[in-house]
Amino acid sequence: MKEGYELIYKRPESLLQTRMHYCPGCFHSTTHKILMEVVDELGIKEKTVGVCPVGCSVFAYDYLDVDMQEAAHGRAAAVATGIKRILPDRVVFSYQGDGDLAAIGTAETLHACNRGENFTFIFINNGIYGMTGGQMAPTTLEGQKTSTSPYGRDPEKVGLPLKMCEIVSQFKRVAFVQRVSFNTPANARKAKKAIKTAFEIQMKKLGTTFIEVASNCPSQWKCTPEESLDWLTNHVFPYYPLGVFKEPPKTKE
Amino acid sequence: MKEGYELIYKRPESLLQTRMHYCPGCFHSTTHKILMEVVDELGIKEKTVGVCPVGCSVFAYDYLDVDMQEAAHGRAAAVATGIKRILPDRVVFSYQGDGDLAAIGTAETLHACNRGENFTFIFINNGIYGMTGGQMAPTTLEGQKTSTSPYGRDPEKVGLPLKMCEIVSQFKRVAFVQRVSFNTPANARKAKKAIKTAFEIQMKKLGTTFIEVASNCPSQWKCTPEESLDWLTNHVFPYYPLGVFKEPPKTKE
Amino acid sequence: MVETKLMKGNEALAEAAIRSGLQAYFGYPITPQSEVIEYLAREEPKYNYVLLQAESEVAAVNMLYGSGGAGGRVMTTTSSPGFSLMQEGISYIACAEIPCVFANIVRGGPGLGTIQPSQSDYNQATKGGGHGDYNIIVLVPNSVQEMVDHCRLAFELADKYRTPAMLLSDGAIGQMMEKVNLPEPIEYKPNKPWATTGKTPDRERNILTSLYIKSETMEEKNKILQEKYKQIIANEIRFDEYKTDDAEIIITSFGLTSRIAKKTVDIGREEGMKLGLFRPITVWPFPTKALAEIASRPQVKFFISVEMNAGQMVEDVKLAVCGQKSVHFYGRMGGIVPTPDEILDVIKEKEAGRD
Amino acid sequence: MVETKLMKGNEALAEAAIRSGLQAYFGYPITPQSEVIEYLAREEPKYNYVLLQAESEVAAVNMLYGSGGAGGRVMTTTSSPGFSLMQEGISYIACAEIPCVFANIVRGGPGLGTIQPSQSDYNQATKGGGHGDYNIIVLVPNSVQEMVDHCRLAFELADKYRTPAMLLSDGAIGQMMEKVNLPEPIEYKPNKPWATTGKTPDRERNILTSLYIKSETMEEKNKILQEKYKQIIANEIRFDEYKTDDAEIIITSFGLTSRIAKKTVDIGREEGMKLGLFRPITVWPFPTKALAEIASRPQVKFFISVEMNAGQMVEDVKLAVCGQKSVHFYGRMGGIVPTPDEILDVIKEKEAGRD
Amino acid sequence: MPQKGYVEISVEGCKGCNLCVLHCPTNCLALNTKDTNSYGLHYAYLAEEDKCIACMNCSVICPDAAITVYKKMAA
Amino acid sequence: MPQKGYVEISVEGCKGCNLCVLHCPTNCLALNTKDTNSYGLHYAYLAEEDKCIACMNCSVICPDAAITVYKKMAA
Amino acid sequence: MLQEMVFAGFGGQGVLSMGTLLAYSAMKEGKEVSWFPSYGPEMRGGTANCMVNISDELISSPIVTLFDVGVVLNLPSLKKFEPRVKKDGILIWENSIIKEPPERKDINIYGIPAIEKASKELENVKVANMILLGCLVKLINIVKKESLMTALKDTLPERHHHLIPLNKRAIDMGMKLV
Amino acid sequence: MLQEMVFAGFGGQGVLSMGTLLAYSAMKEGKEVSWFPSYGPEMRGGTANCMVNISDELISSPIVTLFDVGVVLNLPSLKKFEPRVKKDGILIWENSIIKEPPERKDINIYGIPAIEKASKELENVKVANMILLGCLVKLINIVKKESLMTALKDTLPERHHHLIPLNKRAIDMGMKLV
Ligand SMILES: Cc1ncc(C[n+]2csc(CCOP(=O)(O)OP(=O)(O)O)c2C)c(N)n1
Ligand SMILES: Cc1ncc(C[n+]2csc(CCOP(=O)(O)OP(=O)(O)O)c2C)c(N)n1
Ligand code: SF4
Ligand code: SF4
Ligand code: SF4
Ligand code: SF4
Ligand code: SF4
Ligand code: SF4
Ligand SMILES: [Mg+2]
Ligand SMILES: [Mg+2]
């Protein structure tokens, strides 16, 4: 370090040194990094337990220096429920892709939300099945081409993309819902704040907290990381607007 | 028949003579009867295919004189999807309880609705698991006692009852949603009209049609049929209001 | 102090779980075992276990994974179709080595079938209904008392070997009331350093996973599991013999039918037939050696496996007997319980037909 | 006219299904078989089959139930964890007697495991991973060509016996490209008077169900199923033999490993060892009689079952051999394919160890 | 009083739920509390014949389709 | 010109996604198109040292946490 | 000695609890017992039954097809179980509501107007089951009357304990009827 | 004769398609062939490979651990597969981007600056794979050059057919380099 300079940012402690396997520019990496920054800043590493199901992030436990359980495809919410119910004082999060949370795991997701399970969903919506090689997800946009919708998603046949933030916001015992992204530094900063807020609300036991990351998948979208940001701006955000969908009533302090 | 009198109502042709096993006063019976009246009136018996999953109505095929498939618990929507996709010109309905449609079958229900599968859901919401002896359903009311909520449903532990009409109405490709009941002759007449409308919309291929019956279960509610009507009026309808939640845009004729 | 009660098998199981230190139960109603969750729901205010009616069996098994992985003493119960839905989860649990207890109160299949008692899920339980090479410990109670005893034992074995253990019971035992002696409740103090309870500074993070993407590590993991299974086979085989010492004809039977087989032995003996009963108490691990030894005795003429299915355990009996003697089968299906008389008739027929 | 192509096993399977008159496919992506649905998605505009990516394997198997029950020629494909999730549905389909075709492109388990090829779902496929007494026809292709041939055959057998039939393949065969001869497409005309296509006045209503609430009717239904299974056992056993005529040592092996075993036979023979290969093509029904006959030949010294698992088919081999000769096992796990050399070494060891 | 309509109720088909009795606007139906059918259930019957106005409320509400309704033909 | 800040970018940790380059407000970052790291990827580096204002945009956006940021201390 | 018995009637007639009471009493006297109910949607049809076995030795199967004793409270149960009483066995039938009498000649048949007696003489139709239980115990002498009496306290939920005297009277009445 | 080969490099370097081309050509010449790719998340790490076996007889396993020939286009692949070339086998390595040369002495090693040549001389770095394939075919003579040429047409998707001449030139170039 040069003299007269101070360190103002370094890789968070809880993000292990292991090189992450994610493709260049993939927001899975960004989410991991920000998540661990939040864990470090809140000082909750000792009481954090994460759940990662199948999807590109199935190896998350190789990178995050917290206790973790790998869950079967779609069942992260059930696994997180099991953990949180028996260890109500831990901070529990599930980290799920769109195939996981909104296709095979629909029932587990919605029922956990309806019960108000007191953990945090980190929902990586990249509009595709990254892990398995680019098949259509429940959140794939209308007309978007994937390996199982090679001529573009046709809503007449497979319906419209699911807006999960909008859906889960309706459940009374869901306390906090926000859709974020990492396409600009400003949005990344908001995303970090959102995750932090979610964990804080969880620690206050106010109900389910749900963060959707409008994410990218340069590899399966078959574009560069830069182009993936354009797709986000031009196609994803118009359908999946960023913002807070629900928050607990403000209490005076 | 006395002379000078004409027959104005008799048991519908398509309701077989077999005595139904339902408990006295159970709306499962009423729904069967009305359903078959509609089938007869629309003259669609030859092209109707029904799906009944597990629940008190699992024996429905013993009573309804149409082709039917018995489905695994919760999977009626998937089975109906399979039938309707391969036989798009048939009139297909699934006949499901609240445990079936809204607990174990949540994913199949919501995805069929989101895809706009062109069949009709007949959803018998009696707020309890009738078949298995009175356990809590996802639609059991707050404070309601069941064999698995013996001290009353506690939303802090298991969440609030799910309002399925309200949830499925949001899916764009769901065309028609109405909640009906059979507690009075007037409501029963409305219910019949609703089912008829649903089938007509299905035949026009306009999307998913969804009829929720705010039903009763005298046996597991541990009350008389009459008392069950009071419970409906005093507790069920306030939480689950009757009415049309969605209908296709009216076209001029 | 032991307490004696007249209880249903399902309720006795629930009570036994509580007395064994149950910390969490997740389940979904299904006949003929819903009394387990109903009993636990009634008793809940008195204890501090977690009780949650899951939205499905798939959810239940995965909640079990989570809470078992978090170090809890946990259980779920179901019946046949529900157990089928749990197979993926069980395969995960076996590989992630999470101790937990299952009970399948079997009803007649396949499909929706009947809610009457059956033993037709034997293969599913013992050969692995889920994918991959794994085994789970399978205890087969034949009375309400054994529902209690095996429940405690299942919890202990699950912890000891970090493995799922199950009770393979049936609708008759679940629904019937019998006299039962309830053991003293224990105070359960888990000692599970591998559990995901939050990474404290004194240890590395704990990870529970079944993912071994590279062939080499996957094979390594498989070998570890297989090694464990060998240990279990070496230590945990349990069975019962009844009048086998001088027996010429051995009935093999498990669970409910073993009681009838026992009666058959008595009736047969009265008629001068030298019958004996071999009853596996664990069907995985299966008492292969013990059976093979019996088969080698000169006086033993043949075996007959009596089951409430189309012939499942009989294959394990054949594997054990390994051609030394002939092995017959008699089964009833759909919930029909065979009577001692009909079994005896079949035995006489086989006896006559021998050359 | 037969067309020759270089194709992946998964794609060949998809193409074979189309050429066999596929009317509906429902599936959910999973490695190493997603190419099946991807291929069908690409080809869809050219044909008029129904293609739907289901929300899960549970949904997929039940869509299959519906459309197969409505009379369609229908298929789904998956890999191990997905196949576990289908077990409840398969049990229902078997009991409701709905013809349909499954393929499990097996990967290494248990749990999430590895995506590398494996044969560790043998028990699940052949002993019934679902609940109740049922069987499904299990074909084990060992080449891309057989993916095609068995696909057609599976559809035919499914229709003939009103039963589910499956291909038990693996990730290697699914992912590899080989030369394949594609048969002429057929025009499929279903003749399924039992299908739920709408009750016309000329017939009673059709009901597809697996519910038989009374023990007596359930047992009746079970007997009908068991009778059918006997028929299938009588008519549909398929296997291959390679140099078994004078063989002293018989390797038993299925699917991918049977190719390696064949090579082993050749190498061994070059070294003067009298090896032979017995390859089941159907593993349910298993070629028990044929194997028993071989076991009875005086020159046969022992058997060794070579598999990519911890020892599964070997039990069926033992049941067939029934103590006549010893039966050994050699397996690799986790996706590791054994080499002819290592197999030969093991054989030599066993040979030396014999007394 | 002219009889506008009348109903026939199947004794074995009726389950005695009493819903028709409850909803008959003219109170002409009743449960037979003396007798039961073979299922042990008290069945409904047209107790006051001349009051029936053939409104079909009973047949609409009857879960088990046990009621047949007749109406006086226009003269 | 006074140097307000500077960044260190891990050569092996960088995946060359270019997102930091894109979002640096002072355009002081660039991808090294000549060289690759051991993963065959062109990595980012601080091309124009004196332009860095220590705004942390790059470190915030970098998916792989490959960037460390330093800021000139207040005198 | 093994006694295999069945109690059957409409749901609500108390057939399950009469079986429970008997089994519990026998257990308290040191006998081996088993009690097995009909369950599931079978009950929805309106009938219920339970099989009770009492023996000095371990009981093999709780489910049997032929019975030493049958106690039936409605016609469907009579039809179902009359043929399943063993030769020389006992069939007790409620004869105030069942209109068609049993027909077999090779068993011992006792018709008891328990429902009428319960509603008229004891003013509570619900204890008809106890009257019949009283008959049964008198006939086969399988448990002591005192055991039944204490069993009432142990098996009835607290909130029904005020009904114990009435139940006792019903049992007494039954014992005097045969 | 059986030839067991592996082609490995970064994703995007065309290792799968060089294997396909070779396998297809051999098949057209009447040989038995198998082609087996790496698949799944392994690819996400950035490396890809395929194993190609060509033989006169049926091929036993598409997956092998030791190879007659290895063609590697990046350092991780060199590290991974150099040890797995059979004694006296062939290792072809791209030596314009791989900086650490192979070390074994018991195999035949050919360093080819295919990437440099492709980008400089053919102005398209993508055909480096074809240069290496040219080398390979020249060295082991397993298929005829003409087969490769017609295979290009059969295996390349229509929309890439304009690149066939370039690919041919690359193959030719490769054949001249060894
Ligand atoms: C039961 C089961 N079905 C299917 C799969 C295969 N699978 C693994 S991850 C995945 C979906 C990946 O997509 P997503 O959840 O969106 O995560 P991403 O990789 O896009 O981050 C699928 C279908 C599986 N592992 N298990
Ligand atoms: C996989 C599976 N789980 C559980 C059951 C048991 N079961 C049968 S029906 C049912 C729920 C019945 O409730 P509902 O769907 O509300 O129908 P109702 O009887 O109330 O009309 C349950 C849990 C089953 N048959 N299969
Ligand atoms: S495949 Fe897509 S989601 Fe997966 S790591 Fe690559 S870019 Fe990210
Ligand atoms: S149990 Fe309830 S839902 Fe079932 S038939 Fe009886 S009243 Fe109807
Ligand atoms: S038709 Fe109307 S008036 Fe007549 S009995 Fe029925 S409800 Fe009463
Ligand atoms: S409504 Fe129908 S079932 Fe109910 S009492 Fe009237 S006639 Fe009988
Ligand atoms: S800290 Fe700011 S100015 Fe400095 S390199 Fe990063 S983005 Fe550019
Ligand atoms: S954002 Fe990070 S990974 Fe991407 S180019 Fe910059 S330093 Fe490298
Ligand atoms: Mg995704
Ligand atoms: Mg219900």
# chains A, B, ... in the order shown; residues from 1 in each chain; ligands from 1
call {"tool": "residues_around", "arguments": {"residues": "range 27-35 of chain F", "least_positions_apart": "4", "cutoff": "12 Å", "atoms": "only C-alpha atoms", "output": "number ranges by chain"}}
result
F: 3, 5-9, 11-12, 14-23, 39-55, 57-59, 67; H: 97-99
call {"tool": "residues_near_ligand", "arguments": {"ligand": "ligand 4", "cutoff": "10 Å", "atoms": "only C-alpha atoms and all ligand atoms", "output": "MDAnalysis selection string"}}
result
(chainID B and resid 20:29 55:57 97 124:134 215:225 228) or (chainID G and resid 40:41 43:46)
call {"tool": "calpha_fit_and_write", "arguments": {"fixed": "chain H", "moving": "chain G", "output": "compact mmCIF listing (two decimals) with C-alpha atoms, in the first residue's frame"}}
result
# COMPACT_ATOMS: atom_id res chain seq x y z
CA MET G 1 -6.99 -50.76 -34.78
CA LEU G 2 -8.37 -48.52 -32.10
CA GLN G 3 -7.33 -44.89 -31.78
CA GLU G 4 -8.30 -43.17 -28.55
CA MET G 5 -8.03 -39.42 -28.72
CA VAL G 6 -8.84 -36.35 -26.69
CA PHE G 7 -9.29 -32.75 -27.76
CA ALA G 8 -9.22 -30.13 -25.05
CA GLY G 9 -9.11 -26.40 -24.62
CA PHE G 10 -11.09 -23.37 -23.54
CA GLY G 11 -14.76 -23.23 -24.42
CA GLY G 12 -14.97 -21.36 -27.70
CA GLN G 13 -11.75 -22.77 -29.13
CA GLY G 14 -13.72 -25.30 -31.11
CA VAL G 15 -12.47 -28.48 -29.50
CA LEU G 16 -15.87 -30.19 -29.65
CA SER G 17 -16.29 -29.49 -33.33
CA MET G 18 -12.83 -30.69 -34.30
CA GLY G 19 -13.70 -33.96 -32.62
CA THR G 20 -17.02 -34.12 -34.37
CA LEU G 21 -15.46 -33.48 -37.75
CA LEU G 22 -12.95 -36.22 -37.27
CA ALA G 23 -15.48 -38.73 -35.95
CA TYR G 24 -17.89 -37.96 -38.75
CA SER G 25 -15.23 -38.38 -41.41
CA ALA G 26 -14.17 -41.69 -39.98
CA MET G 27 -17.74 -42.89 -39.80
CA LYS G 28 -18.23 -42.00 -43.44
CA GLU G 29 -15.19 -44.08 -44.25
CA GLY G 30 -16.90 -47.01 -42.63
CA LYS G 31 -15.11 -46.94 -39.31
CA GLU G 32 -16.67 -47.39 -35.91
CA VAL G 33 -16.54 -44.16 -33.97
CA SER G 34 -17.52 -42.67 -30.68
CA TRP G 35 -17.45 -39.06 -29.54
CA PHE G 36 -17.93 -38.10 -25.94
CA PRO G 37 -17.95 -34.54 -24.63
CA SER G 38 -17.32 -33.06 -21.22
CA TYR G 39 -20.65 -31.73 -20.11
CA GLY G 40 -22.34 -29.89 -17.32
CA PRO G 41 -20.84 -27.25 -15.06
CA GLU G 42 -17.39 -28.57 -15.81
CA MET G 43 -17.69 -26.45 -18.93
CA ARG G 44 -18.49 -23.39 -16.90
CA GLY G 45 -14.97 -23.41 -15.55
CA GLY G 46 -13.98 -22.50 -19.06
CA THR G 47 -12.54 -25.73 -20.32
CA ALA G 48 -14.10 -28.25 -22.61
CA ASN G 49 -12.96 -31.50 -24.08
CA CYS G 50 -14.16 -34.40 -26.12
CA MET G 51 -12.92 -37.94 -26.41
CA VAL G 52 -12.99 -39.47 -29.87
CA ASN G 53 -12.42 -43.14 -30.50
CA ILE G 54 -12.02 -44.55 -33.97
CA SER G 55 -11.71 -48.23 -34.67
CA ASP G 56 -12.33 -51.01 -37.12
CA GLU G 57 -14.27 -52.90 -34.50
CA LEU G 58 -17.11 -51.95 -32.20
CA ILE G 59 -15.91 -49.52 -29.57
CA SER G 60 -16.27 -50.65 -26.02
CA SER G 61 -16.17 -47.49 -23.98
CA PRO G 62 -16.51 -43.92 -25.19
CA ILE G 63 -14.85 -42.84 -21.98
CA VAL G 64 -11.20 -43.69 -21.53
CA THR G 65 -8.51 -42.58 -19.17
CA LEU G 66 -5.44 -43.02 -21.38
CA PHE G 67 -5.13 -41.73 -24.91
CA ASP G 68 -3.18 -42.50 -28.04
CA VAL G 69 -3.44 -38.89 -29.08
CA GLY G 70 -4.07 -35.69 -27.18
CA VAL G 71 -4.63 -32.29 -28.75
CA VAL G 72 -4.57 -29.47 -26.22
CA LEU G 73 -5.26 -25.79 -26.76
CA ASN G 74 -4.70 -24.34 -23.31
CA LEU G 75 -2.55 -24.77 -20.24
CA PRO G 76 -5.12 -26.40 -17.93
CA SER G 77 -5.78 -28.99 -20.63
CA LEU G 78 -2.11 -29.59 -21.14
CA LYS G 79 -1.69 -30.14 -17.41
CA LYS G 80 -4.67 -32.43 -17.29
CA PHE G 81 -4.02 -34.57 -20.34
CA GLU G 82 -0.25 -34.70 -20.76
CA PRO G 83 0.01 -37.37 -18.08
CA ARG G 84 -2.78 -39.31 -19.75
CA VAL G 85 -1.16 -39.82 -23.14
CA LYS G 86 -0.04 -43.41 -23.55
CA LYS G 87 3.65 -44.14 -23.82
CA ASP G 88 4.78 -43.53 -27.41
CA GLY G 89 1.55 -41.68 -28.03
CA ILE G 90 1.16 -38.26 -29.58
CA LEU G 91 0.61 -34.94 -27.89
CA ILE G 92 -0.12 -31.93 -30.06
CA TRP G 93 -0.06 -28.65 -28.15
CA GLU G 94 -0.79 -25.10 -29.16
CA ASN G 95 2.42 -23.29 -28.43
CA SER G 96 1.64 -19.70 -29.20
CA ILE G 97 -0.58 -19.22 -26.18
CA ILE G 98 0.57 -22.05 -23.91
CA LYS G 99 3.71 -20.83 -22.28
CA GLU G 100 4.81 -23.91 -20.34
CA PRO G 101 5.91 -26.70 -22.66
CA PRO G 102 5.10 -30.34 -21.96
CA GLU G 103 7.74 -32.29 -20.07
CA ARG G 104 7.34 -35.94 -20.89
CA LYS G 105 10.06 -37.68 -22.82
CA ASP G 106 8.27 -40.92 -23.59
CA ILE G 107 5.72 -39.50 -25.98
CA ASN G 108 5.86 -37.71 -29.31
CA ILE G 109 5.29 -34.06 -28.83
CA TYR G 110 4.36 -31.50 -31.47
CA GLY G 111 4.12 -27.84 -30.58
CA ILE G 112 2.11 -25.87 -33.14
CA PRO G 113 1.49 -22.10 -33.01
CA ALA G 114 -1.96 -22.64 -34.44
CA ILE G 115 -3.60 -19.64 -32.83
CA GLU G 116 -0.98 -17.25 -34.01
CA LYS G 117 -1.06 -18.71 -37.49
CA ALA G 118 -4.81 -18.66 -37.63
CA SER G 119 -5.09 -15.06 -36.58
CA LYS G 120 -2.12 -13.77 -38.52
CA GLU G 121 -2.12 -15.85 -41.67
CA LEU G 122 -5.77 -16.79 -41.98
CA GLU G 123 -7.15 -13.75 -40.18
CA ASN G 124 -9.56 -15.79 -38.15
CA VAL G 125 -8.46 -17.15 -34.81
CA LYS G 126 -11.44 -19.52 -34.79
CA VAL G 127 -9.86 -21.89 -37.29
CA ALA G 128 -6.87 -22.65 -35.09
CA ASN G 129 -8.63 -25.90 -34.28
CA MET G 130 -8.66 -26.89 -37.95
CA ILE G 131 -4.96 -26.24 -38.24
CA LEU G 132 -4.38 -28.62 -35.38
CA LEU G 133 -6.75 -31.14 -36.89
CA GLY G 134 -4.75 -30.94 -40.08
CA CYS G 135 -1.58 -31.76 -38.14
CA LEU G 136 -3.25 -34.66 -36.45
CA VAL G 137 -4.59 -36.20 -39.66
CA LYS G 138 -1.23 -35.84 -41.27
CA LEU G 139 0.48 -37.52 -38.34
CA ILE G 140 -1.76 -40.51 -37.84
CA ASN G 141 -3.36 -40.71 -41.23
CA ILE G 142 -6.61 -41.92 -39.80
CA VAL G 143 -8.98 -40.40 -42.34
CA LYS G 144 -8.56 -39.17 -45.84
CA LYS G 145 -8.28 -35.48 -46.37
CA GLU G 146 -11.23 -35.61 -48.77
CA SER G 147 -13.40 -37.11 -46.07
CA LEU G 148 -12.65 -34.15 -43.85
CA MET G 149 -13.49 -31.81 -46.64
CA THR G 150 -16.89 -33.32 -47.34
CA ALA G 151 -17.53 -33.70 -43.61
CA LEU G 152 -17.20 -29.95 -43.24
CA LYS G 153 -20.24 -29.52 -45.40
CA ASP G 154 -22.24 -32.16 -43.58
CA THR G 155 -21.47 -31.06 -40.04
CA LEU G 156 -21.35 -27.29 -40.25
CA PRO G 157 -24.72 -25.60 -39.97
CA GLU G 158 -25.89 -24.05 -43.23
CA ARG G 159 -25.30 -20.52 -41.98
CA HIS G 160 -21.60 -21.22 -41.60
CA HIS G 161 -21.09 -22.78 -45.00
CA HIS G 162 -19.36 -19.67 -46.31
CA LEU G 163 -16.56 -20.51 -43.90
CA ILE G 164 -15.85 -23.87 -45.50
CA PRO G 165 -13.10 -22.63 -47.80
CA LEU G 166 -11.35 -20.99 -44.87
CA ASN G 167 -11.60 -24.18 -42.84
CA LYS G 168 -10.17 -26.13 -45.73
CA ARG G 169 -7.24 -23.79 -45.95
CA ALA G 170 -6.62 -24.18 -42.25
CA ILE G 171 -6.62 -27.96 -42.51
CA ASP G 172 -4.25 -27.78 -45.42
CA MET G 173 -2.01 -25.47 -43.51
CA GLY G 174 -1.97 -27.84 -40.57
CA MET G 175 -1.09 -30.80 -42.72
CA LYS G 176 1.92 -28.93 -43.96
CA LEU G 177 3.16 -28.00 -40.53
CA VAL G 178 4.23 -31.49 -39.47
call {"tool": "atom_distance", "arguments": {"atom1": "atom 8 (Fe, counted along the ligand's line) of ligand 7", "atom2": "CA of Asp230 in chain A"}}
result
20.7 Å
call {"tool": "residues_around", "arguments": {"residues": "Asp67 in chain A", "least_positions_apart": "2", "cutoff": "8 Å", "atoms": "only C-alpha atoms", "output": "PyMOL selection string"}}
result
(chain A and resi 48-50+61+65+69) or (chain C and resi 196-199+205-207)
call {"tool": "write_last_selection", "arguments": {"atoms": "C-alpha atoms", "output": "PDB file, in the first residue's frame"}}
result
ATOM      1  CA  THR A  48     -25.793 -17.307   9.676  1.00  0.00           C
ATOM      2  CA  VAL A  49     -26.904 -20.485   7.956  1.00  0.00           C
ATOM      3  CA  GLY A  50     -27.417 -20.551   4.213  1.00  0.00           C
ATOM      4  CA  TYR A  61     -20.792 -23.158  -0.106  1.00  0.00           C
ATOM      5  CA  ASP A  65     -17.586 -18.830   4.792  1.00  0.00           C
ATOM      6  CA  GLN A  69     -26.844 -26.846   3.449  1.00  0.00           C
TER       7      GLN A  69
ATOM      8  CA  THR C 196     -25.080 -26.318  10.555  1.00  0.00           C
ATOM      9  CA  THR C 197     -25.697 -24.237  13.624  1.00  0.00           C
ATOM     10  CA  GLY C 198     -23.586 -21.252  12.629  1.00  0.00           C
ATOM     11  CA  LYS C 199     -19.830 -21.219  12.096  1.00  0.00           C
ATOM     12  CA  ARG C 205     -17.736 -24.005   8.357  1.00  0.00           C
ATOM     13  CA  ASN C 206     -20.059 -26.984   8.243  1.00  0.00           C
ATOM     14  CA  ILE C 207     -21.462 -27.968   4.904  1.00  0.00           C
TER      15      ILE C 207
END
call {"tool": "atom_distance", "arguments": {"atom1": "CA of Met313 in chain D", "atom2": "CA of Glu307 in chain C"}}
result
23.6 Å
call {"tool": "interface_residues", "arguments": {"of": "chain D", "to": "chain A", "cutoff": "8 Å", "atoms": "only C-alpha atoms", "output": "NGL selection string"}}
result
:D and (29-31 or 34 or 37-38 or 41-42 or 52-53 or 55-57 or 111-112)
call {"tool": "select_by_dssp", "arguments": {"residues": "range 84-185 of chain D", "states": "strand (DSSP E)", "output": "list in words"}}
result
Cys100, Val101, Phe102, Ala103, Asn104, Ile105, Val106, Ile137, Val138, Leu139, Pro164, Ala165, Met166, Leu167, Leu168, Ser169, Asp170, Met177, Glu178, Lys179, Val180, Asn181 and Leu182 of chain D
call {"tool": "residues_around", "arguments": {"residues": "Thr233 in chain B", "least_positions_apart": "2", "cutoff": "12 Å", "atoms": "only C-alpha atoms", "output": "ChimeraX atom specification"}}
result
/B:181-184,187,214-216,226-231,235-242
call {"tool": "select_by_dssp", "arguments": {"residues": "range 62-91 of chain H", "states": "alpha helix (DSSP H)", "output": "PyMOL selection string"}}
result
chain H and resi 75-81
call {"tool": "atom_distance", "arguments": {"atom1": "CA of Leu275 in chain D", "atom2": "CA of Ile249 in chain D"}}
result
4.9 Å
call {"tool": "interface_residues", "arguments": {"of": "chain D", "to": "chain G", "cutoff": "12 Å", "atoms": "only C-alpha atoms", "output": "ChimeraX atom specification"}}
result
/D:213-215
call {"tool": "residues_around", "arguments": {"residues": "range 218-222 of chain C", "least_positions_apart": "4", "cutoff": "6 Å", "atoms": "only C-alpha atoms", "output": "list in words"}}
result
Tyr212 of chain C; Met333 and Gly334 of chain D
call {"tool": "interface_residues", "arguments": {"of": "chain E", "to": "chain B", "cutoff": "6 Å", "atoms": "only C-alpha atoms", "output": "list in words"}}
result
Lys15, Cys17, Asn57, Val60, Ile61, Pro63, Asp64, Ala65, Thr68, Val69, Tyr70, Lys71, Lys72 and Met73 of chain E
call {"tool": "interface_residues", "arguments": {"of": "chain D", "to": "chain C", "cutoff": "6 Å", "atoms": "only C-alpha atoms", "output": "MDAnalysis selection string"}}
result
chainID D and resid 80:81 84:85 87:88 91:92 95 109:114 120:121 124 129:133 210:213 215 218:219 322:323 333:336
